[in-house]
Amino acid sequence: MIRYVSTRGPGTPQSFTDVMLAGLAPDSGLYIPDMWPEIDRDLLSHLAGTPYTNVAMEIMTPFIGKAVPPDVLFKILQDTYEGGSFDHACVAPLVQVGPSAWIMELFHGPTLSFKDYALQFIGRLFDYLLEQKGQRLTIVGATSGDTGSAAIEACRNCKNIDIFILHPKGRTSEIQRRQMTTVEAPNVFNIAVEGTFDDCQTLVKTMLGDAKMRGDLNLSAINSINWARIMAQIVYYATAALALGAPHRPVSFAVPTGNFGNVYAGWCARRIGLPIDQLIVATNKNDILTRFFETGDMRMERVMPTLSPSMDIQISSNFERYLCDLMGRDYDGLKKLMHAFKVQKAFIMNPDSMQKAKREFTAQRCDDETTLQTMRECYLQSGIMIDPHTAVGLYGAMTKRDDPSVPVVALACAHPAKFPDAVEKAIGIRPPMPAVLDGLLGKAEHYIVLPNDLGKVQGYIRNEAKAIRR
Ligand SMILES: *Cc1c(COP(=O)(O)O)cnc(C)c1O
């Protein structure tokens with residue numbers, strides 16, 4: 001049975017339930033499976049053409065093990081993906097945008113970004129596990145825009161959860177902010193931090209690393225630092241690959257990347273046996289990952305605002321998960337590297353590991369001008385409106401695919417209507433508003449503005465959380 005270890009040292013391996021409820025490991029590392037399952041080819045052949053729920057069941061079962069009885073898991077999956085939260089019968093449909101080139105629409109959930117695909121499932125799973133354990137949980141999360149609303153939407157009806165979402169004040173789009181702040185629920189709290197996304201994420205990580213606060217509030221994370229999110233994201237790589245000929249034919253993916261969660265799920269999909277050829281890491285001008293794959297030098301720079309704000313990130317949390325396997329699970333070596341990155345804001349990867357990394361990922365960057373041009377070309381050539389994040393991925397797909405006979409799938413991570421200004425700038429028309437965004441502009445907003453100050457943020461959360469042991 002699979003158990004989970006921290007990237008900063010294996011310690012005692014943990015169960016799925018424990019890592020799901022904990023989020024971050026106590027040593028501030030991230031949980032990864034202690035071994036990788038292999039899905040066999042016959043099973044993959046049989047899965048081709050089956051509903052999303054069935055593929056999800058097969059992908060997730062080895063990772064979840066006995067933590068959830070199979071019939072319960074299947075019911076949760078059905079409720080998540082077939083119960084009306086997603087507005088497309090395929091859940092994650094493919095749309096062709098060019099010869100052997102596709103986009104996968106990951107915006108059919110309630111908040112119109114790919115984050116819904118994992119979080120809608122996780123909210124339901126959390127509620128089930130907490131009910132079983134008779135516990136109450138305080139979730140803290142940082143968002144660069146889309147995670148927050150998806151997490152809030154996933155938890156607003158959970159009886160046993162209070163959720164606190166930190167967003168960088170003034171650095172998300174208005175629609176993104178309103179999707180979070182207009183939710184009327186007594187267990188939902190929005191904090192606008194006077195800082196960047198990285199500041200928000202550092203605050204969250206520090207609070208999760210604070211044993212006292214963690215214990216007092218039963219704190220957990222719902223960012224992509226939670227393993228269950230990565231696991232749930234593996235599923236759509238599988239459905240897309242199966243639709244395009246897996247296990248008999250390979251397929252490549254191009255993924256707009258910020259925190260390295262989504263593209264890491266693609267790497268996991270390949271690791272468990274899906275025939276994935278290229279994984280193209282697509283960044284905007286905040287290109288720390290692209291520079292790393294080009295040079296082996298991981299070096300933090302200032303975060304610059306772009307048209308694709310959900311990727312305006314310099315510290316990609318999930319990268320640590322990949323590095324752990326890249327370095328052959330040399331936990332001590334990784335710990336040193338992460339320390340160097342924290343203190344010196346930089347590290348250099350050894351040449352042997354870099355050779356391997358370059359075989360596993362291709363990287364591309366895309367500035368705002370090229371983003372707009374890609375949106376324009378896609379609209380002119382195929383009549384499809386894409387959002388700026390999707391454009392960054394599509395540009396990576398078109399410029400970095402090395403075998404035109406292998407289908408390439410660019411992940412459409414958000415609905416164009418979430419970024420109407422950028423769409424208008426690119427193609428001269430505003431995207432039609434989907435029904436779920438109706439009325440957003442007229443609703444009252446609820447949030448508190450706090451400085452980038454750990455004490456202030458902690459104090460607020462301690463005051464408001466209902467799980468607190470006083
Ligand atoms: C979150 C997000 C990303 C970045 O995904 P990561 O998993 O953090 O790499 C890209 N595009 C959109 C639209 C997002 O919401």
# chains A, B, ... in the order shown; residues from 1 in each chain; ligands from 1
>>> residues_around(residues="range 82-98 of chain A", least_positions_apart="6", cutoff="7 Å", atoms="only C-alpha atoms", output="PDB file with C-alpha atoms, in the first residue's frame")
ATOM      1  CA  TYR A  52     -14.371  10.807 -16.506  1.00  0.00           C
ATOM      2  CA  MET A 104      -8.334  20.821 -23.294  1.00  0.00           C
ATOM      3  CA  GLU A 105     -11.055  22.997 -21.773  1.00  0.00           C
ATOM      4  CA  LEU A 106     -10.558  22.900 -18.024  1.00  0.00           C
ATOM      5  CA  HIS A 108     -16.323  23.877 -17.006  1.00  0.00           C
ATOM      6  CA  GLY A 109     -16.483  23.990 -13.207  1.00  0.00           C
ATOM      7  CA  PRO A 110     -18.271  26.550 -10.974  1.00  0.00           C
ATOM      8  CA  TYR A 236      -7.540  14.799 -16.974  1.00  0.00           C
ATOM      9  CA  SER A 382     -10.112  28.632 -35.470  1.00  0.00           C
TER      10      SER A 382
END
>>> select_by_dssp(residues="range 337-426 of chain A", states="alpha helix (DSSP H)", output="ChimeraX atom specification")
/A:337-344,351-360,368-382,388-400,420-426
>>> residues_near_ligand(ligand="ligand 1", cutoff="8 Å", atoms="only C-alpha atoms and all ligand atoms", output="ChimeraX atom specification")
/A:113-115,144-147,224,255-264,308,310-311,316,387,389-390,412-415
>>> atom_distance(atom1="CA of Val235 in chain A", atom2="CA of Ile122 in chain A")
13.6 Å
>>> residues_around(residues="range 126-135 of chain A", least_positions_apart="2", cutoff="9 Å", atoms="only C-alpha atoms", output="PDB file with C-alpha atoms, in the first residue's frame")
ATOM      1  CA  THR A  17      -5.927  10.572   5.198  1.00  0.00           C
ATOM      2  CA  MET A  20      -4.730  15.039   3.031  1.00  0.00           C
ATOM      3  CA  LEU A  21      -5.776  16.598   6.337  1.00  0.00           C
ATOM      4  CA  ALA A  67      -8.605   5.413   3.303  1.00  0.00           C
ATOM      5  CA  VAL A  68     -12.001   5.537   1.582  1.00  0.00           C
ATOM      6  CA  ILE A  76     -18.015  11.058  -4.189  1.00  0.00           C
ATOM      7  CA  PHE A 121     -13.526  16.663  -5.328  1.00  0.00           C
ATOM      8  CA  ILE A 122     -11.370  17.625  -2.356  1.00  0.00           C
ATOM      9  CA  GLY A 123     -14.127  19.615  -0.629  1.00  0.00           C
ATOM     10  CA  ARG A 124     -16.382  16.576  -0.706  1.00  0.00           C
ATOM     11  CA  LEU A 137     -10.616  21.969  10.312  1.00  0.00           C
ATOM     12  CA  CYS A 155     -15.733  24.512   1.026  1.00  0.00           C
ATOM     13  CA  CYS A 158     -18.699  22.016   4.280  1.00  0.00           C
ATOM     14  CA  LYS A 159     -20.039  21.777   7.810  1.00  0.00           C
ATOM     15  CA  ASN A 160     -16.678  21.069   9.414  1.00  0.00           C
ATOM     16  CA  ILE A 161     -14.425  23.631   7.736  1.00  0.00           C
ATOM     17  CA  ASN A 218      -6.269  22.115  13.283  1.00  0.00           C
ATOM     18  CA  ALA A 467     -12.079  25.227  15.481  1.00  0.00           C
TER      19      ALA A 467
END
>>> residues_around(residues="His446 in chain A", least_positions_apart="3", cutoff="12 Å", atoms="only C-alpha atoms", output="list in words")
Ile165, Arg177, Arg178, Gln179, Met180, Thr181, Thr182, Val183, Glu184, Ala185, Pro186, Val188, Phe189, Asn190, Ile191, Ala192, Lys443 and Val449 of chain A
>>> write_last_selection(atoms="all heavy atoms", output="compact mmCIF listing (two decimals), in the first residue's frame")
# COMPACT_ATOMS: atom_id res chain seq x y z
N ILE A 165 -8.77 32.69 3.00
CA ILE A 165 -8.00 32.81 1.76
C ILE A 165 -7.29 34.15 1.71
O ILE A 165 -7.91 35.21 1.84
CB ILE A 165 -8.93 32.64 0.53
CG1 ILE A 165 -9.50 31.22 0.49
CG2 ILE A 165 -8.17 32.96 -0.75
CD1 ILE A 165 -8.50 30.11 0.24
N ARG A 177 -11.39 38.61 -7.89
CA ARG A 177 -11.61 39.04 -6.50
C ARG A 177 -13.08 38.87 -6.11
O ARG A 177 -13.40 38.31 -5.06
CB ARG A 177 -11.19 40.50 -6.32
CG ARG A 177 -11.21 40.94 -4.86
CD ARG A 177 -11.01 42.44 -4.70
NE ARG A 177 -12.16 43.19 -5.16
CZ ARG A 177 -12.13 44.08 -6.15
NH1 ARG A 177 -11.01 44.35 -6.80
NH2 ARG A 177 -13.24 44.72 -6.51
N ARG A 178 -13.95 39.31 -6.99
CA ARG A 178 -15.37 39.24 -6.66
C ARG A 178 -15.88 37.80 -6.53
O ARG A 178 -16.80 37.52 -5.77
CB ARG A 178 -16.19 39.99 -7.70
CG ARG A 178 -16.09 41.50 -7.53
CD ARG A 178 -16.89 42.25 -8.56
NE ARG A 178 -16.93 43.67 -8.22
CZ ARG A 178 -17.83 44.20 -7.40
NH1 ARG A 178 -18.77 43.44 -6.86
NH2 ARG A 178 -17.79 45.47 -7.10
N GLN A 179 -15.29 36.89 -7.30
CA GLN A 179 -15.70 35.49 -7.16
C GLN A 179 -15.42 34.97 -5.75
O GLN A 179 -16.10 34.08 -5.27
CB GLN A 179 -14.94 34.62 -8.17
CG GLN A 179 -15.54 34.64 -9.57
CD GLN A 179 -14.80 33.70 -10.49
OE1 GLN A 179 -13.59 33.83 -10.64
NE2 GLN A 179 -15.50 32.76 -11.08
N MET A 180 -14.42 35.57 -5.10
CA MET A 180 -14.10 35.14 -3.73
C MET A 180 -14.90 35.92 -2.70
O MET A 180 -15.41 35.37 -1.73
CB MET A 180 -12.61 35.39 -3.43
CG MET A 180 -11.67 34.63 -4.31
SD MET A 180 -9.97 34.78 -3.73
CE MET A 180 -9.44 36.29 -4.51
N THR A 181 -14.96 37.25 -2.92
CA THR A 181 -15.42 38.12 -1.83
C THR A 181 -16.94 38.27 -1.78
O THR A 181 -17.45 38.82 -0.81
CB THR A 181 -14.79 39.51 -1.97
OG1 THR A 181 -15.13 40.06 -3.25
CG2 THR A 181 -13.28 39.46 -1.83
N THR A 182 -17.64 37.80 -2.81
CA THR A 182 -19.09 37.96 -2.80
C THR A 182 -19.81 36.72 -2.30
O THR A 182 -21.04 36.69 -2.27
CB THR A 182 -19.62 38.31 -4.22
OG1 THR A 182 -19.24 37.26 -5.11
CG2 THR A 182 -19.05 39.62 -4.72
N VAL A 183 -19.05 35.71 -1.89
CA VAL A 183 -19.69 34.49 -1.38
C VAL A 183 -20.26 34.78 0.02
O VAL A 183 -19.56 35.29 0.89
CB VAL A 183 -18.67 33.33 -1.32
CG1 VAL A 183 -19.24 32.13 -0.58
CG2 VAL A 183 -18.24 32.92 -2.72
N GLU A 184 -21.53 34.48 0.20
CA GLU A 184 -22.18 34.68 1.49
C GLU A 184 -22.17 33.36 2.25
O GLU A 184 -23.00 32.50 2.01
CB GLU A 184 -23.62 35.14 1.30
CG GLU A 184 -23.82 36.46 0.56
CD GLU A 184 -23.47 37.68 1.41
OE1 GLU A 184 -23.32 37.54 2.64
OE2 GLU A 184 -23.33 38.78 0.82
N ALA A 185 -21.19 33.18 3.12
CA ALA A 185 -21.15 31.96 3.92
C ALA A 185 -20.40 32.27 5.21
O ALA A 185 -19.36 32.92 5.18
CB ALA A 185 -20.46 30.83 3.16
N PRO A 186 -20.93 31.80 6.36
CA PRO A 186 -20.32 32.16 7.64
C PRO A 186 -18.95 31.52 7.87
O PRO A 186 -18.23 31.93 8.77
CB PRO A 186 -21.34 31.63 8.66
CG PRO A 186 -22.13 30.60 7.94
CD PRO A 186 -22.14 30.98 6.50
N VAL A 188 -16.52 31.38 5.51
CA VAL A 188 -15.60 31.86 4.47
C VAL A 188 -15.03 33.22 4.85
O VAL A 188 -15.78 34.15 5.16
CB VAL A 188 -16.33 31.97 3.11
CG1 VAL A 188 -15.46 32.66 2.08
CG2 VAL A 188 -16.75 30.58 2.61
N PHE A 189 -13.68 33.35 4.85
CA PHE A 189 -13.01 34.60 5.23
C PHE A 189 -11.96 34.97 4.18
O PHE A 189 -11.08 34.15 3.88
CB PHE A 189 -12.34 34.46 6.60
CG PHE A 189 -13.29 34.06 7.69
CD1 PHE A 189 -13.53 32.72 7.97
CD2 PHE A 189 -13.97 35.03 8.43
CE1 PHE A 189 -14.42 32.34 8.97
CE2 PHE A 189 -14.85 34.66 9.45
CZ PHE A 189 -15.09 33.32 9.71
N ASN A 190 -12.06 36.18 3.64
CA ASN A 190 -11.08 36.66 2.66
C ASN A 190 -10.17 37.70 3.29
O ASN A 190 -10.63 38.63 3.93
CB ASN A 190 -11.80 37.29 1.47
CG ASN A 190 -12.39 36.26 0.55
OD1 ASN A 190 -11.66 35.60 -0.19
ND2 ASN A 190 -13.70 36.09 0.59
N ILE A 191 -8.86 37.54 3.05
CA ILE A 191 -7.87 38.50 3.54
C ILE A 191 -7.09 39.06 2.35
O ILE A 191 -6.45 38.29 1.62
CB ILE A 191 -6.88 37.85 4.53
CG1 ILE A 191 -7.64 37.19 5.70
CG2 ILE A 191 -5.86 38.87 5.03
CD1 ILE A 191 -6.75 36.37 6.62
N ALA A 192 -7.17 40.38 2.14
CA ALA A 192 -6.37 41.03 1.10
C ALA A 192 -5.07 41.47 1.76
O ALA A 192 -5.06 42.33 2.63
CB ALA A 192 -7.11 42.22 0.52
N LYS A 443 -22.99 42.45 -6.46
CA LYS A 443 -23.06 41.85 -5.11
C LYS A 443 -22.10 42.53 -4.13
O LYS A 443 -21.05 43.04 -4.52
CB LYS A 443 -22.70 40.36 -5.18
CG LYS A 443 -23.79 39.50 -5.79
CD LYS A 443 -23.40 38.04 -5.68
CE LYS A 443 -24.32 37.17 -6.52
NZ LYS A 443 -23.70 35.86 -6.80
N VAL A 449 -8.55 43.99 4.76
CA VAL A 449 -7.21 44.30 4.26
C VAL A 449 -6.24 44.23 5.44
O VAL A 449 -6.48 44.84 6.48
CB VAL A 449 -7.16 45.71 3.63
CG1 VAL A 449 -5.75 46.03 3.14
CG2 VAL A 449 -8.17 45.82 2.49
>>> closest_atom_pairs(of="range 385-432 of chain A", to="range 279-301 of chain A", cutoff="7 Å", atoms="only C-alpha atoms", output="JSON lines")
{"residue": "A:Val392", "atom": "CA", "partner": "A:Ala282", "partner_atom": "CA", "distance": 6.1}
{"residue": "A:Gly393", "atom": "CA", "partner": "A:Ala282", "partner_atom": "CA", "distance": 5.3}
{"residue": "A:Gly396", "atom": "CA", "partner": "A:Ala282", "partner_atom": "CA", "distance": 5.6}
{"residue": "A:Ala397", "atom": "CA", "partner": "A:Ile280", "partner_atom": "CA", "distance": 6.9}
>>> write_last_selection(atoms="N, CA and C atoms", output="mmCIF file, in the first residue's frame")
data_model
loop_
_atom_site.group_PDB
_atom_site.id
_atom_site.type_symbol
_atom_site.label_atom_id
_atom_site.label_comp_id
_atom_site.auth_asym_id
_atom_site.auth_seq_id
_atom_site.Cartn_x
_atom_site.Cartn_y
_atom_site.Cartn_z
ATOM 1 N N VAL A 392 -0.482 31.486 -23.276
ATOM 2 C CA VAL A 392 0.920 31.210 -22.912
ATOM 3 C C VAL A 392 1.232 29.728 -23.167
ATOM 4 N N GLY A 393 0.293 28.860 -22.806
ATOM 5 C CA GLY A 393 0.483 27.424 -23.034
ATOM 6 C C GLY A 393 0.462 27.084 -24.515
ATOM 7 N N GLY A 396 3.618 27.929 -26.195
ATOM 8 C CA GLY A 396 4.618 26.903 -25.890
ATOM 9 C C GLY A 396 4.415 25.668 -26.758
ATOM 10 N N ALA A 397 3.151 25.256 -26.908
ATOM 11 C CA ALA A 397 2.843 24.067 -27.708
ATOM 12 C C ALA A 397 3.291 24.255 -29.152
#
>>> residues_around(residues="Asn187 in chain A", least_positions_apart="6", cutoff="8 Å", atoms="only C-alpha atoms", output="number ranges by chain")
A: 156, 161-163
>>> select_by_dssp(residues="range 162-275 of chain A", states="strand (DSSP E or B)", output="MDAnalysis selection string")
chainID A and resid 162:168 188:194 219:221 251:256
>>> closest_residue(among="A:Ala22, A:Cys378, A:Ala48, A:Met433", to="Phe419 in chain A", atoms="only C-alpha atoms")
A:Met433
>>> atom_distance(atom1="CA of Leu326 in chain A", atom2="CA of Thr7 in chain A")
11.6 Å
>>> residues_around(residues="Val5 in chain A", least_positions_apart="3", cutoff="10 Å", atoms="only C-alpha atoms", output="compact mmCIF listing (two decimals) with N, CA, C and O atoms, in the first residue's frame")
# COMPACT_ATOMS: atom_id res chain seq x y z
N ILE A 2 0.47 2.25 -0.76
CA ILE A 2 1.25 3.48 -0.85
C ILE A 2 1.09 4.31 0.42
O ILE A 2 -0.01 4.48 0.94
N ARG A 8 11.45 16.60 2.60
CA ARG A 8 12.61 17.03 3.41
C ARG A 8 13.14 15.90 4.29
O ARG A 8 13.92 16.13 5.21
N GLY A 9 12.68 14.68 4.08
CA GLY A 9 13.16 13.56 4.89
C GLY A 9 12.03 12.60 5.14
O GLY A 9 10.94 13.04 5.53
N PRO A 10 12.24 11.29 4.91
CA PRO A 10 11.11 10.35 4.88
C PRO A 10 10.44 10.14 6.23
O PRO A 10 9.25 9.94 6.30
N GLY A 11 11.18 10.20 7.34
CA GLY A 11 10.57 9.98 8.66
C GLY A 11 9.69 8.73 8.66
O GLY A 11 10.00 7.74 7.99
N THR A 12 8.59 8.80 9.40
CA THR A 12 7.63 7.70 9.37
C THR A 12 6.62 7.97 8.26
O THR A 12 5.94 8.98 8.30
N PRO A 13 6.51 7.07 7.28
CA PRO A 13 5.54 7.31 6.21
C PRO A 13 4.12 7.45 6.75
O PRO A 13 3.74 6.80 7.72
N GLN A 14 3.34 8.35 6.13
CA GLN A 14 2.00 8.69 6.60
C GLN A 14 0.92 8.10 5.70
O GLN A 14 1.17 7.81 4.53
N SER A 15 -0.29 8.02 6.23
CA SER A 15 -1.41 7.51 5.43
C SER A 15 -1.98 8.61 4.55
O SER A 15 -1.73 9.81 4.78
N VAL A 19 -2.07 12.82 5.30
CA VAL A 19 -1.45 13.85 4.46
C VAL A 19 -2.50 14.77 3.85
O VAL A 19 -2.27 15.96 3.68
N ALA A 25 3.83 19.04 5.21
CA ALA A 25 4.46 18.19 6.23
C ALA A 25 4.99 19.05 7.37
O ALA A 25 5.31 20.22 7.16
N GLY A 29 8.24 20.36 4.40
CA GLY A 29 8.35 19.71 3.09
C GLY A 29 6.97 19.41 2.53
O GLY A 29 5.96 19.68 3.16
N LEU A 30 6.94 18.85 1.33
CA LEU A 30 5.68 18.47 0.70
C LEU A 30 5.59 16.95 0.67
O LEU A 30 6.60 16.27 0.53
N TYR A 31 4.37 16.44 0.79
CA TYR A 31 4.22 15.00 0.76
C TYR A 31 4.24 14.47 -0.66
O TYR A 31 3.62 15.05 -1.56
N ILE A 32 4.95 13.36 -0.82
CA ILE A 32 4.91 12.63 -2.09
C ILE A 32 4.76 11.14 -1.77
O ILE A 32 5.08 10.71 -0.66
N PRO A 33 4.25 10.36 -2.73
CA PRO A 33 4.09 8.92 -2.46
C PRO A 33 5.45 8.26 -2.23
O PRO A 33 6.44 8.65 -2.85
N ASP A 34 5.49 7.25 -1.36
CA ASP A 34 6.78 6.57 -1.11
C ASP A 34 7.17 5.67 -2.27
O ASP A 34 8.31 5.27 -2.39
N MET A 35 6.22 5.34 -3.12
CA MET A 35 6.55 4.65 -4.38
C MET A 35 5.48 5.02 -5.40
O MET A 35 4.40 5.49 -5.05
>>> closest_residue(among="A:Ile103, A:Cys200, A:Val72, A:Leu219", to="Ser252 in chain A", atoms="only C-alpha atoms")
A:Ile103
>>> residues_around(residues="Asp42 in chain A", least_positions_apart="5", cutoff="12 Å", atoms="only C-alpha atoms", output="ChimeraX atom specification")
/A:47-48,246-248,273-274
>>> write_last_selection(atoms="N, CA and C atoms", output="mmCIF file, in the first residue's frame")
data_model
loop_
_atom_site.group_PDB
_atom_site.id
_atom_site.type_symbol
_atom_site.label_atom_id
_atom_site.label_comp_id
_atom_site.auth_asym_id
_atom_site.auth_seq_id
_atom_site.Cartn_x
_atom_site.Cartn_y
_atom_site.Cartn_z
ATOM 1 N N LEU A 47 -9.935 1.502 -20.387
ATOM 2 C CA LEU A 47 -10.490 2.773 -19.906
ATOM 3 C C LEU A 47 -10.834 3.735 -21.041
ATOM 4 N N ALA A 48 -10.210 3.527 -22.197
ATOM 5 C CA ALA A 48 -10.467 4.441 -23.314
ATOM 6 C C ALA A 48 -11.963 4.506 -23.588
ATOM 7 N N ALA A 246 -3.951 6.898 -26.471
ATOM 8 C CA ALA A 246 -3.202 6.132 -25.467
ATOM 9 C C ALA A 246 -3.991 4.851 -25.160
ATOM 10 N N PRO A 247 -3.345 3.762 -24.808
ATOM 11 C CA PRO A 247 -1.906 3.614 -24.583
ATOM 12 C C PRO A 247 -1.095 3.333 -25.847
ATOM 13 N N HIS A 248 -1.759 3.332 -27.013
ATOM 14 C CA HIS A 248 -1.063 2.917 -28.239
ATOM 15 C C HIS A 248 -0.271 4.039 -28.880
ATOM 16 N N GLY A 273 2.613 5.618 -15.943
ATOM 17 C CA GLY A 273 2.482 4.749 -17.112
ATOM 18 C C GLY A 273 1.757 5.315 -18.318
ATOM 19 N N LEU A 274 1.310 6.559 -18.275
ATOM 20 C CA LEU A 274 0.673 7.106 -19.479
ATOM 21 C C LEU A 274 1.764 7.506 -20.481
#
>>> closest_residue(among="A:Ala154, A:Val193, A:Leu242, A:Lys342", to="His46 in chain A", atoms="only C-alpha atoms")
A:Leu242
>>> atom_distance(atom1="CA of Gly141 in chain A", atom2="CA of Asn223 in chain A")
5.8 Å
>>> closest_residue(among="A:Tyr379, A:Phe164, A:Phe197, A:Trp267", to="Arg359 in chain A", atoms="only C-alpha atoms")
A:Trp267
>>> closest_residue(among="A:Leu119, A:Leu217, A:Leu24, A:Ala243", to="Thr50 in chain A", atoms="only C-alpha atoms")
A:Ala243
>>> closest_residue(among="A:Ile175, A:Ser100, A:Leu77, A:Gln201", to="Gly439 in chain A", atoms="only C-alpha atoms")
A:Ile175
